[in-house]
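Peer 1: Below is the file input_33.pdb, which contains PDB, C-alpha atoms and all ligand atoms.
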ATOM      1  CA  LEU A   1       0.000   0.000   0.000  1.00  0.00           C
ATOM      2  CA  ARG A   2       1.417   3.384  -1.010  1.00  0.00           C
ATOM      3  CA  ARG A   3       1.623   5.925   1.773  1.00  0.00           C
ATOM      4  CA  ALA A   4       0.000   9.360   1.568  1.00  0.00           C
ATOM      5  CA  HIS A   5       3.372  11.145   1.562  1.00  0.00           C
ATOM      6  CA  CYS A   6       4.705   9.217  -1.464  1.00  0.00           C
ATOM      7  CA  PRO A   7       4.778  10.925  -4.875  1.00  0.00           C
ATOM      8  CA  PRO A   8       1.716   9.951  -6.933  1.00  0.00           C
ATOM      9  CA  ASP A   9       1.955   7.045  -9.350  1.00  0.00           C
ATOM     10  CA  SER A  10      -0.005   7.259 -12.613  1.00  0.00           C
ATOM     11  CA  GLU A  11      -3.141   5.832 -10.952  1.00  0.00           C
ATOM     12  CA  ALA A  12      -3.192   8.356  -8.099  1.00  0.00           C
ATOM     13  CA  LEU A  13      -2.355  11.156 -10.526  1.00  0.00           C
ATOM     14  CA  GLY A  14      -5.182  10.005 -12.805  1.00  0.00           C
ATOM     15  CA  ARG A  15      -7.727   9.958  -9.973  1.00  0.00           C
ATOM     16  CA  ALA A  16      -6.684  13.423  -8.810  1.00  0.00           C
ATOM     17  CA  THR A  17      -6.748  14.800 -12.354  1.00  0.00           C
ATOM     18  CA  TRP A  18     -10.170  13.355 -13.174  1.00  0.00           C
ATOM     19  CA  THR A  19     -11.434  14.773  -9.855  1.00  0.00           C
ATOM     20  CA  PHE A  20     -10.157  18.213 -10.808  1.00  0.00           C
ATOM     21  CA  LEU A  21     -11.463  18.052 -14.394  1.00  0.00           C
ATOM     22  CA  HIS A  22     -14.938  16.657 -13.609  1.00  0.00           C
ATOM     23  CA  THR A  23     -15.412  19.020 -10.654  1.00  0.00           C
ATOM     24  CA  THR A  24     -14.304  22.011 -12.722  1.00  0.00           C
ATOM     25  CA  ALA A  25     -16.683  20.941 -15.512  1.00  0.00           C
ATOM     26  CA  ALA A  26     -19.538  20.531 -12.992  1.00  0.00           C
ATOM     27  CA  TYR A  27     -19.141  24.179 -11.939  1.00  0.00           C
ATOM     28  CA  TYR A  28     -18.432  25.544 -15.447  1.00  0.00           C
ATOM     29  CA  PRO A  29     -21.037  28.173 -16.410  1.00  0.00           C
ATOM     30  CA  GLU A  30     -24.184  27.244 -18.330  1.00  0.00           C
ATOM     31  CA  ARG A  31     -23.340  30.192 -20.552  1.00  0.00           C
ATOM     32  CA  PRO A  32     -19.567  30.675 -20.467  1.00  0.00           C
ATOM     33  CA  SER A  33     -18.096  33.943 -21.652  1.00  0.00           C
ATOM     34  CA  PRO A  34     -15.722  33.894 -24.638  1.00  0.00           C
ATOM     35  CA  THR A  35     -12.826  34.242 -22.165  1.00  0.00           C
ATOM     36  CA  GLN A  36     -14.039  31.301 -20.064  1.00  0.00           C
ATOM     37  CA  ARG A  37     -14.408  29.157 -23.195  1.00  0.00           C
ATOM     38  CA  ALA A  38     -10.923  30.107 -24.349  1.00  0.00           C
ATOM     39  CA  HIS A  39      -9.407  29.314 -20.947  1.00  0.00           C
ATOM     40  CA  MET A  40     -11.126  25.929 -20.769  1.00  0.00           C
ATOM     41  CA  LEU A  41      -9.864  25.087 -24.258  1.00  0.00           C
ATOM     42  CA  GLN A  42      -6.349  26.150 -23.236  1.00  0.00           C
ATOM     43  CA  LEU A  43      -6.527  24.017 -20.079  1.00  0.00           C
ATOM     44  CA  LEU A  44      -7.598  20.907 -22.006  1.00  0.00           C
ATOM     45  CA  HIS A  45      -5.218  21.458 -24.922  1.00  0.00           C
ATOM     46  CA  ALA A  46      -2.318  21.949 -22.490  1.00  0.00           C
ATOM     47  CA  LEU A  47      -2.715  18.474 -20.983  1.00  0.00           C
ATOM     48  CA  PRO A  48      -1.260  16.488 -23.917  1.00  0.00           C
ATOM     49  CA  THR A  49       1.958  18.510 -23.712  1.00  0.00           C
ATOM     50  CA  LEU A  50       2.234  18.855 -19.923  1.00  0.00           C
ATOM     51  CA  TYR A  51       0.536  15.869 -18.258  1.00  0.00           C
ATOM     52  CA  PRO A  52       3.331  13.921 -16.537  1.00  0.00           C
ATOM     53  CA  CYS A  53       2.337  10.437 -17.731  1.00  0.00           C
ATOM     54  CA  GLY A  54       3.774  10.284 -21.225  1.00  0.00           C
ATOM     55  CA  HIS A  55       1.629   7.579 -22.799  1.00  0.00           C
ATOM     56  CA  CYS A  56      -1.537   8.980 -21.126  1.00  0.00           C
ATOM     57  CA  ALA A  57      -0.711  12.420 -22.557  1.00  0.00           C
ATOM     58  CA  ASP A  58      -0.100  11.026 -26.064  1.00  0.00           C
ATOM     59  CA  ASP A  59      -3.338   9.065 -25.902  1.00  0.00           C
ATOM     60  CA  LEU A  60      -5.301  12.121 -24.748  1.00  0.00           C
ATOM     61  CA  GLY A  61      -3.781  14.199 -27.556  1.00  0.00           C
ATOM     62  CA  GLU A  62      -5.099  11.737 -30.121  1.00  0.00           C
ATOM     63  CA  ARG A  63      -8.538  11.699 -28.485  1.00  0.00           C
ATOM     64  CA  ILE A  64      -8.692  15.505 -28.490  1.00  0.00           C
ATOM     65  CA  ARG A  65      -7.727  15.544 -32.177  1.00  0.00           C
ATOM     66  CA  SER A  66     -10.476  13.093 -33.149  1.00  0.00           C
ATOM     67  CA  HIS A  67     -13.107  14.521 -30.729  1.00  0.00           C
ATOM     68  CA  PRO A  68     -12.307  18.173 -29.949  1.00  0.00           C
ATOM     69  CA  PRO A  69     -13.425  19.469 -26.541  1.00  0.00           C
ATOM     70  CA  GLU A  70     -16.924  20.982 -26.415  1.00  0.00           C
ATOM     71  CA  VAL A  71     -16.802  24.071 -24.237  1.00  0.00           C
ATOM     72  CA  GLY A  72     -19.999  25.868 -25.297  1.00  0.00           C
ATOM     73  CA  SER A  73     -21.919  25.085 -22.085  1.00  0.00           C
ATOM     74  CA  ARG A  74     -21.683  23.244 -18.769  1.00  0.00           C
ATOM     75  CA  ALA A  75     -23.800  20.383 -20.172  1.00  0.00           C
ATOM     76  CA  ALA A  76     -21.722  20.072 -23.344  1.00  0.00           C
ATOM     77  CA  LEU A  77     -18.406  20.101 -21.456  1.00  0.00           C
ATOM     78  CA  GLY A  78     -19.628  17.589 -18.876  1.00  0.00           C
ATOM     79  CA  ALA A  79     -20.835  15.233 -21.595  1.00  0.00           C
ATOM     80  CA  TRP A  80     -17.595  15.530 -23.582  1.00  0.00           C
ATOM     81  CA  LEU A  81     -15.474  14.895 -20.499  1.00  0.00           C
ATOM     82  CA  CYS A  82     -17.592  11.935 -19.402  1.00  0.00           C
ATOM     83  CA  ALA A  83     -17.359  10.390 -22.877  1.00  0.00           C
ATOM     84  CA  THR A  84     -13.602  10.982 -23.003  1.00  0.00           C
ATOM     85  CA  HIS A  85     -13.106   9.436 -19.559  1.00  0.00           C
ATOM     86  CA  ASN A  86     -15.253   6.483 -20.659  1.00  0.00           C
ATOM     87  CA  GLU A  87     -12.973   5.965 -23.674  1.00  0.00           C
ATOM     88  CA  VAL A  88     -10.004   5.774 -21.294  1.00  0.00           C
ATOM     89  CA  ASN A  89     -12.022   3.435 -19.041  1.00  0.00           C
ATOM     90  CA  ALA A  90     -12.637   1.139 -22.024  1.00  0.00           C
ATOM     91  CA  LEU A  91      -8.952   1.178 -22.947  1.00  0.00           C
ATOM     92  CA  LEU A  92      -8.067   0.133 -19.395  1.00  0.00           C
ATOM     93  CA  GLY A  93     -10.853  -2.466 -19.080  1.00  0.00           C
ATOM     94  CA  LYS A  94     -12.702  -0.375 -16.460  1.00  0.00           C
ATOM     95  CA  PRO A  95     -16.535  -0.196 -16.395  1.00  0.00           C
ATOM     96  CA  THR A  96     -18.399   2.469 -18.361  1.00  0.00           C
ATOM     97  CA  PHE A  97     -19.672   5.284 -16.134  1.00  0.00           C
ATOM     98  CA  ASP A  98     -23.340   6.348 -16.592  1.00  0.00           C
ATOM     99  CA  CYS A  99     -23.017   9.960 -17.763  1.00  0.00           C
ATOM    100  CA  ALA A 100     -26.507  10.764 -16.400  1.00  0.00           C
ATOM    101  CA  ARG A 101     -24.896  10.467 -12.943  1.00  0.00           C
ATOM    102  CA  VAL A 102     -22.134  13.031 -13.443  1.00  0.00           C
ATOM    103  CA  ASP A 103     -23.827  15.759 -11.352  1.00  0.00           C
ATOM    104  CA  GLU A 104     -24.620  13.327  -8.559  1.00  0.00           C
ATOM    105  CA  ARG A 105     -21.018  12.086  -8.506  1.00  0.00           C
ATOM    106  CA  TRP A 106     -19.208  15.416  -8.850  1.00  0.00           C
ATOM    107  CA  LYS A 107     -21.531  18.169  -7.619  1.00  0.00           C
ATOM    108  CA  ASP A 108     -24.746  17.281  -5.812  1.00  0.00           C
ATOM    109  CA  GLY A 109     -23.971  13.987  -4.053  1.00  0.00           C
ATOM    110  CA  PRO A 110     -26.475  11.153  -3.676  1.00  0.00           C
ATOM    111  CA  LYS A 111     -30.113  11.959  -2.816  1.00  0.00           C
ATOM    112  CA  ASP A 112     -29.867  10.012   0.450  1.00  0.00           C
ATOM    113  CA  GLY A 113     -27.604  12.751   1.816  1.00  0.00           C
ATOM    114  CA  SER A 114     -24.827  10.290   2.660  1.00  0.00           C
ATOM    115  CA  CYS A 115     -22.183  12.758   1.452  1.00  0.00           C
ATOM    116  CA  ASP A 116     -23.626  15.808   3.255  1.00  0.00           C
TER     117      ASP A 116
HETATM  118  P1  LIG B 201     -10.594   6.837 -12.337  1.00  0.00           P
HETATM  119  O1  LIG B 201     -10.687   6.404 -13.770  1.00  0.00           O
HETATM  120  O2  LIG B 201      -9.415   7.677 -11.937  1.00  0.00           O
HETATM  121  O3  LIG B 201     -11.940   7.619 -11.998  1.00  0.00           O
HETATM  122  C1  LIG B 201     -12.131   8.279 -10.738  1.00  0.00           C
HETATM  123  C2  LIG B 201     -13.620   8.280 -10.435  1.00  0.00           C
HETATM  124  O4  LIG B 201     -14.292   8.990 -11.474  1.00  0.00           O
HETATM  125  C3  LIG B 201     -14.275   6.907 -10.446  1.00  0.00           C
HETATM  126  O5  LIG B 201     -14.161   6.270  -9.212  1.00  0.00           O
HETATM  127  C4  LIG B 201     -15.721   7.223 -10.801  1.00  0.00           C
HETATM  128  O6  LIG B 201     -16.475   7.557  -9.633  1.00  0.00           O
HETATM  129  C5  LIG B 201     -15.601   8.464 -11.656  1.00  0.00           C
HETATM  130  N1  LIG B 201     -15.731   8.199 -13.077  1.00  0.00           N
HETATM  131  C6  LIG B 201     -15.307   7.119 -13.785  1.00  0.00           C
HETATM  132  N2  LIG B 201     -15.576   7.262 -15.085  1.00  0.00           N
HETATM  133  C7  LIG B 201     -16.197   8.453 -15.218  1.00  0.00           C
HETATM  134  C8  LIG B 201     -16.729   9.153 -16.333  1.00  0.00           C
HETATM  135  N3  LIG B 201     -16.701   8.642 -17.575  1.00  0.00           N
HETATM  136  N4  LIG B 201     -17.299  10.364 -16.110  1.00  0.00           N
HETATM  137  C9  LIG B 201     -17.359  10.889 -14.861  1.00  0.00           C
HETATM  138  N5  LIG B 201     -16.867  10.281 -13.773  1.00  0.00           N
HETATM  139  C10 LIG B 201     -16.289   9.064 -13.948  1.00  0.00           C
HETATM  140  N6  LIG B 201      -4.003   5.410 -17.232  1.00  0.00           N
HETATM  141  C11 LIG B 201      -3.405   4.495 -18.041  1.00  0.00           C
HETATM  142  O7  LIG B 201      -2.978   3.447 -17.553  1.00  0.00           O
HETATM  143  N7  LIG B 201      -3.281   4.709 -19.392  1.00  0.00           N
HETATM  144  C12 LIG B 201      -3.732   5.858 -19.992  1.00  0.00           C
HETATM  145  O8  LIG B 201      -3.601   6.054 -21.211  1.00  0.00           O
HETATM  146  C13 LIG B 201      -4.349   6.852 -19.147  1.00  0.00           C
HETATM  147  N8  LIG B 201      -4.772   8.017 -19.671  1.00  0.00           N
HETATM  148  C14 LIG B 201      -5.270   8.961 -18.837  1.00  0.00           C
HETATM  149  C15 LIG B 201      -5.636  10.206 -19.383  1.00  0.00           C
HETATM  150  C16 LIG B 201      -6.093  11.215 -18.564  1.00  0.00           C
HETATM  151  C17 LIG B 201      -6.462  12.563 -19.153  1.00  0.00           C
HETATM  152  C18 LIG B 201      -6.205  11.001 -17.166  1.00  0.00           C
HETATM  153  C19 LIG B 201      -6.685  12.110 -16.271  1.00  0.00           C
HETATM  154  C20 LIG B 201      -5.865   9.772 -16.622  1.00  0.00           C
HETATM  155  C21 LIG B 201      -5.393   8.750 -17.437  1.00  0.00           C
HETATM  156  N9  LIG B 201      -5.025   7.506 -16.914  1.00  0.00           N
HETATM  157  C22 LIG B 201      -4.462   6.566 -17.745  1.00  0.00           C
HETATM  158  C23 LIG B 201      -5.331   7.161 -15.504  1.00  0.00           C
HETATM  159  C24 LIG B 201      -6.661   6.375 -15.420  1.00  0.00           C
HETATM  160  O9  LIG B 201      -7.676   6.992 -16.223  1.00  0.00           O
HETATM  161  C25 LIG B 201      -7.216   6.297 -13.977  1.00  0.00           C
HETATM  162  O10 LIG B 201      -7.288   7.594 -13.419  1.00  0.00           O
HETATM  163  C26 LIG B 201      -6.413   5.407 -13.023  1.00  0.00           C
HETATM  164  O11 LIG B 201      -6.244   4.129 -13.608  1.00  0.00           O
HETATM  165  C27 LIG B 201      -7.150   5.248 -11.674  1.00  0.00           C
HETATM  166  O12 LIG B 201      -8.419   4.642 -11.955  1.00  0.00           O
HETATM  167  P2  LIG B 201      -9.603   4.517 -10.925  1.00  0.00           P
HETATM  168  O13 LIG B 201     -10.211   3.166 -11.169  1.00  0.00           O
HETATM  169  O14 LIG B 201      -9.194   4.882  -9.554  1.00  0.00           O
HETATM  170  O15 LIG B 201     -10.723   5.597 -11.397  1.00  0.00           O
END
Have the structure of the file written as structure tokens, please.
Peer 2:
Amino acid sequence: LRRAHCPPDSEALGRATWTFLHTTAAYYPERPSPTQRAHMLQLLHALPTLYPCGHCADDLGERIRSHPPEVGSRAALGAWLCATHNEVNALLGKPTFDCARVDERWKDGPKDGSCD
């Protein structure tokens, strides 16, 4: 078991990065300004050159080329990110996540209040 003070391996880095990306997408505006759209595009386009897991970065670059990020609204960004994460899940043999549950997972929490 890796200890909390150890540098992240690619799994821990992946979990932290998905947490950041999905949470940021969950709070992205319904109607983003041109500046907010541009910054989100810059953030996503920067990952393939900066993300410190080389093969993950290369893979993401190819995905972004074939399915460019959709930053026109909170719903569009959330759906694009969920689909992109599901493509990575498929590559790694992980289960497909139900994209209808993105808000519950990353913003609202379950209806039973267990995360409140
Ligand atoms: P993660 O996949 O990290 O997911 C964290 C949580 O997100 C899950 O527990 C679930 O609650 C939720 N979730 C799962 N799927 C979705 C979805 N579609 N939408 C919304 N929420 C969801 N690893 C590699 O080995 N090879 C790669 O090429 C690779 N590429 C990556 C590219 C990127 C951009 C990132 C951020 C990570 C990449 N990783 C890659 C890491 C990998 O995706 C996982 O993060 C890592 O294997 C840990 O997996 P996990 O099972 O803990 O859950």
Peer 1: What are the closest atom pairs, with distances in Å to one decimal, for all residues of chain A lying within 8 Å of ligand LIG 201 (chain B)? Consider all atoms listed in the file, order rows by chain and residue number, and present the result as a tab-separated table.
Peer 2:
residue	atom	partner	partner_atom	distance
A:Ser10	CA	B:LIG201	C23	6.1
A:Glu11	CA	B:LIG201	C26	3.9
A:Ala12	CA	B:LIG201	C27	6.2
A:Leu13	CA	B:LIG201	O10	6.7
A:Gly14	CA	B:LIG201	O10	3.3
A:Arg15	CA	B:LIG201	O2	3.5
A:Ala16	CA	B:LIG201	O2	7.1
A:Thr17	CA	B:LIG201	C19	4.8
A:Trp18	CA	B:LIG201	C19	4.8
A:Thr19	CA	B:LIG201	C1	6.6
A:Leu21	CA	B:LIG201	C19	7.9
A:His22	CA	B:LIG201	C9	6.4
A:Leu47	CA	B:LIG201	C17	7.2
A:Tyr51	CA	B:LIG201	C17	7.8
A:Cys53	CA	B:LIG201	C13	7.7
A:His55	CA	B:LIG201	O8	5.7
A:Cys56	CA	B:LIG201	O8	3.6
A:Ala57	CA	B:LIG201	C15	6.3
A:Asp58	CA	B:LIG201	O8	7.8
A:Asp59	CA	B:LIG201	O8	5.6
A:Leu60	CA	B:LIG201	C15	5.7
A:Leu81	CA	B:LIG201	N4	6.6
A:Cys82	CA	B:LIG201	N4	3.7
A:Ala83	CA	B:LIG201	N3	5.6
A:Thr84	CA	B:LIG201	N3	6.7
A:His85	CA	B:LIG201	N3	4.2
A:Asn86	CA	B:LIG201	N3	4.0
A:Glu87	CA	B:LIG201	N3	7.6
A:Val88	CA	B:LIG201	O9	5.7
A:Asn89	CA	B:LIG201	O1	6.2
A:Leu91	CA	B:LIG201	O8	7.4
A:Leu92	CA	B:LIG201	O7	6.3
A:Lys94	CA	B:LIG201	O13	6.8
A:Pro95	CA	B:LIG201	N2	7.6
A:Thr96	CA	B:LIG201	N3	6.5
A:Phe97	CA	B:LIG201	N2	4.7
A:Asp98	CA	B:LIG201	N3	7.1
A:Cys99	CA	B:LIG201	N4	6.0
A:Arg101	CA	B:LIG201	C9	7.8
A:Val102	CA	B:LIG201	C9	5.4
A:Arg105	CA	B:LIG201	O6	6.5
A:Trp106	CA	B:LIG201	N5	7.5
Peer 1: What gap, in Å, lies between CA of Arg37 (chain A) and CA of Gly72 (chain A)?
Peer 2: 6.8 Å
Peer 1: Quick check, in Å to one decimal: how far apart do CA of Ala79 (chain A) and CA of His39 (chain A) lie?
Peer 2: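 Separation between CA of Ala79 (chain A) and CA of His39 (chain A): 18.1 Å.
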Peer 1: Please compute the CA of Val71 (chain A)-CA of Pro48 (chain A) distance, one decimal, in Å.
Peer 2: 17.3 Å
Peer 1: Need to verify the contact set: Ala25 (chain A), 7 Å, all atoms listed in the file, exclusion of same-chain residues closer than 2 positions in sequence. Can you return it as a PDB file with C-alpha atoms, keeping the file's coordinate frame?
Peer 2:
ATOM      1  CA  LEU A  21     -11.463  18.052 -14.394  1.00  0.00           C
ATOM      2  CA  HIS A  22     -14.938  16.657 -13.609  1.00  0.00           C
ATOM      3  CA  THR A  23     -15.412  19.020 -10.654  1.00  0.00           C
ATOM      4  CA  TYR A  27     -19.141  24.179 -11.939  1.00  0.00           C
ATOM      5  CA  TYR A  28     -18.432  25.544 -15.447  1.00  0.00           C
ATOM      6  CA  ARG A  74     -21.683  23.244 -18.769  1.00  0.00           C
ATOM      7  CA  LEU A  77     -18.406  20.101 -21.456  1.00  0.00           C
ATOM      8  CA  GLY A  78     -19.628  17.589 -18.876  1.00  0.00           C
TER       9      GLY A  78
END
Peer 1: Name the closest residue to Trp80 (chain A) among the candidates A:Pro7, A:Ile64, A:Gly54, A:Gly93; distances are taken between atoms, counting only C-alpha atoms.
Peer 2: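 Closest to Trp80 (chain A), using only C-alpha atoms: A:Ile64.
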Peer 1: Given only C-alpha atoms as the basis, pick out the residue of A:Arg3, A:Cys115, A:Asp9, A:Pro32 nearest to Ser73 (chain A).
Peer 2: A:Pro32
Peer 1: Please determine, counting all atoms listed in the file, which residue among A:Leu50, A:Leu41, A:Ala26, A:Ala75 has the shortest atom-to-atom distance to Asp108 (chain A).
Peer 2: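 Closest to Asp108 (chain A), using all atoms listed in the file: A:Ala26.
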Peer 1: Kindly write region 22-113 of chain A with C-alpha atoms to a file, as a PDB file, in the first residue's frame.
Peer 2:
ATOM      1  CA  HIS A  22     -14.938  16.657 -13.609  1.00  0.00           C
ATOM      2  CA  THR A  23     -15.412  19.020 -10.654  1.00  0.00           C
ATOM      3  CA  THR A  24     -14.304  22.011 -12.722  1.00  0.00           C
ATOM      4  CA  ALA A  25     -16.683  20.941 -15.512  1.00  0.00           C
ATOM      5  CA  ALA A  26     -19.538  20.531 -12.992  1.00  0.00           C
ATOM      6  CA  TYR A  27     -19.141  24.179 -11.939  1.00  0.00           C
ATOM      7  CA  TYR A  28     -18.432  25.544 -15.447  1.00  0.00           C
ATOM      8  CA  PRO A  29     -21.037  28.173 -16.410  1.00  0.00           C
ATOM      9  CA  GLU A  30     -24.184  27.244 -18.330  1.00  0.00           C
ATOM     10  CA  ARG A  31     -23.340  30.192 -20.552  1.00  0.00           C
ATOM     11  CA  PRO A  32     -19.567  30.675 -20.467  1.00  0.00           C
ATOM     12  CA  SER A  33     -18.096  33.943 -21.652  1.00  0.00           C
ATOM     13  CA  PRO A  34     -15.722  33.894 -24.638  1.00  0.00           C
ATOM     14  CA  THR A  35     -12.826  34.242 -22.165  1.00  0.00           C
ATOM     15  CA  GLN A  36     -14.039  31.301 -20.064  1.00  0.00           C
ATOM     16  CA  ARG A  37     -14.408  29.157 -23.195  1.00  0.00           C
ATOM     17  CA  ALA A  38     -10.923  30.107 -24.349  1.00  0.00           C
ATOM     18  CA  HIS A  39      -9.407  29.314 -20.947  1.00  0.00           C
ATOM     19  CA  MET A  40     -11.126  25.929 -20.769  1.00  0.00           C
ATOM     20  CA  LEU A  41      -9.864  25.087 -24.258  1.00  0.00           C
ATOM     21  CA  GLN A  42      -6.349  26.150 -23.236  1.00  0.00           C
ATOM     22  CA  LEU A  43      -6.527  24.017 -20.079  1.00  0.00           C
ATOM     23  CA  LEU A  44      -7.598  20.907 -22.006  1.00  0.00           C
ATOM     24  CA  HIS A  45      -5.218  21.458 -24.922  1.00  0.00           C
ATOM     25  CA  ALA A  46      -2.318  21.949 -22.490  1.00  0.00           C
ATOM     26  CA  LEU A  47      -2.715  18.474 -20.983  1.00  0.00           C
ATOM     27  CA  PRO A  48      -1.260  16.488 -23.917  1.00  0.00           C
ATOM     28  CA  THR A  49       1.958  18.510 -23.712  1.00  0.00           C
ATOM     29  CA  LEU A  50       2.234  18.855 -19.923  1.00  0.00           C
ATOM     30  CA  TYR A  51       0.536  15.869 -18.258  1.00  0.00           C
ATOM     31  CA  PRO A  52       3.331  13.921 -16.537  1.00  0.00           C
ATOM     32  CA  CYS A  53       2.337  10.437 -17.731  1.00  0.00           C
ATOM     33  CA  GLY A  54       3.774  10.284 -21.225  1.00  0.00           C
ATOM     34  CA  HIS A  55       1.629   7.579 -22.799  1.00  0.00           C
ATOM     35  CA  CYS A  56      -1.537   8.980 -21.126  1.00  0.00           C
ATOM     36  CA  ALA A  57      -0.711  12.420 -22.557  1.00  0.00           C
ATOM     37  CA  ASP A  58      -0.100  11.026 -26.064  1.00  0.00           C
ATOM     38  CA  ASP A  59      -3.338   9.065 -25.902  1.00  0.00           C
ATOM     39  CA  LEU A  60      -5.301  12.121 -24.748  1.00  0.00           C
ATOM     40  CA  GLY A  61      -3.781  14.199 -27.556  1.00  0.00           C
ATOM     41  CA  GLU A  62      -5.099  11.737 -30.121  1.00  0.00           C
ATOM     42  CA  ARG A  63      -8.538  11.699 -28.485  1.00  0.00           C
ATOM     43  CA  ILE A  64      -8.692  15.505 -28.490  1.00  0.00           C
ATOM     44  CA  ARG A  65      -7.727  15.544 -32.177  1.00  0.00           C
ATOM     45  CA  SER A  66     -10.476  13.093 -33.149  1.00  0.00           C
ATOM     46  CA  HIS A  67     -13.107  14.521 -30.729  1.00  0.00           C
ATOM     47  CA  PRO A  68     -12.307  18.173 -29.949  1.00  0.00           C
ATOM     48  CA  PRO A  69     -13.425  19.469 -26.541  1.00  0.00           C
ATOM     49  CA  GLU A  70     -16.924  20.982 -26.415  1.00  0.00           C
ATOM     50  CA  VAL A  71     -16.802  24.071 -24.237  1.00  0.00           C
ATOM     51  CA  GLY A  72     -19.999  25.868 -25.297  1.00  0.00           C
ATOM     52  CA  SER A  73     -21.919  25.085 -22.085  1.00  0.00           C
ATOM     53  CA  ARG A  74     -21.683  23.244 -18.769  1.00  0.00           C
ATOM     54  CA  ALA A  75     -23.800  20.383 -20.172  1.00  0.00           C
ATOM     55  CA  ALA A  76     -21.722  20.072 -23.344  1.00  0.00           C
ATOM     56  CA  LEU A  77     -18.406  20.101 -21.456  1.00  0.00           C
ATOM     57  CA  GLY A  78     -19.628  17.589 -18.876  1.00  0.00           C
ATOM     58  CA  ALA A  79     -20.835  15.233 -21.595  1.00  0.00           C
ATOM     59  CA  TRP A  80     -17.595  15.530 -23.582  1.00  0.00           C
ATOM     60  CA  LEU A  81     -15.474  14.895 -20.499  1.00  0.00           C
ATOM     61  CA  CYS A  82     -17.592  11.935 -19.402  1.00  0.00           C
ATOM     62  CA  ALA A  83     -17.359  10.390 -22.877  1.00  0.00           C
ATOM     63  CA  THR A  84     -13.602  10.982 -23.003  1.00  0.00           C
ATOM     64  CA  HIS A  85     -13.106   9.436 -19.559  1.00  0.00           C
ATOM     65  CA  ASN A  86     -15.253   6.483 -20.659  1.00  0.00           C
ATOM     66  CA  GLU A  87     -12.973   5.965 -23.674  1.00  0.00           C
ATOM     67  CA  VAL A  88     -10.004   5.774 -21.294  1.00  0.00           C
ATOM     68  CA  ASN A  89     -12.022   3.435 -19.041  1.00  0.00           C
ATOM     69  CA  ALA A  90     -12.637   1.139 -22.024  1.00  0.00           C
ATOM     70  CA  LEU A  91      -8.952   1.178 -22.947  1.00  0.00           C
ATOM     71  CA  LEU A  92      -8.067   0.133 -19.395  1.00  0.00           C
ATOM     72  CA  GLY A  93     -10.853  -2.466 -19.080  1.00  0.00           C
ATOM     73  CA  LYS A  94     -12.702  -0.375 -16.460  1.00  0.00           C
ATOM     74  CA  PRO A  95     -16.535  -0.196 -16.395  1.00  0.00           C
ATOM     75  CA  THR A  96     -18.399   2.469 -18.361  1.00  0.00           C
ATOM     76  CA  PHE A  97     -19.672   5.284 -16.134  1.00  0.00           C
ATOM     77  CA  ASP A  98     -23.340   6.348 -16.592  1.00  0.00           C
ATOM     78  CA  CYS A  99     -23.017   9.960 -17.763  1.00  0.00           C
ATOM     79  CA  ALA A 100     -26.507  10.764 -16.400  1.00  0.00           C
ATOM     80  CA  ARG A 101     -24.896  10.467 -12.943  1.00  0.00           C
ATOM     81  CA  VAL A 102     -22.134  13.031 -13.443  1.00  0.00           C
ATOM     82  CA  ASP A 103     -23.827  15.759 -11.352  1.00  0.00           C
ATOM     83  CA  GLU A 104     -24.620  13.327  -8.559  1.00  0.00           C
ATOM     84  CA  ARG A 105     -21.018  12.086  -8.506  1.00  0.00           C
ATOM     85  CA  TRP A 106     -19.208  15.416  -8.850  1.00  0.00           C
ATOM     86  CA  LYS A 107     -21.531  18.169  -7.619  1.00  0.00           C
ATOM     87  CA  ASP A 108     -24.746  17.281  -5.812  1.00  0.00           C
ATOM     88  CA  GLY A 109     -23.971  13.987  -4.053  1.00  0.00           C
ATOM     89  CA  PRO A 110     -26.475  11.153  -3.676  1.00  0.00           C
ATOM     90  CA  LYS A 111     -30.113  11.959  -2.816  1.00  0.00           C
ATOM     91  CA  ASP A 112     -29.867  10.012   0.450  1.00  0.00           C
ATOM     92  CA  GLY A 113     -27.604  12.751   1.816  1.00  0.00           C
TER      93      GLY A 113
END
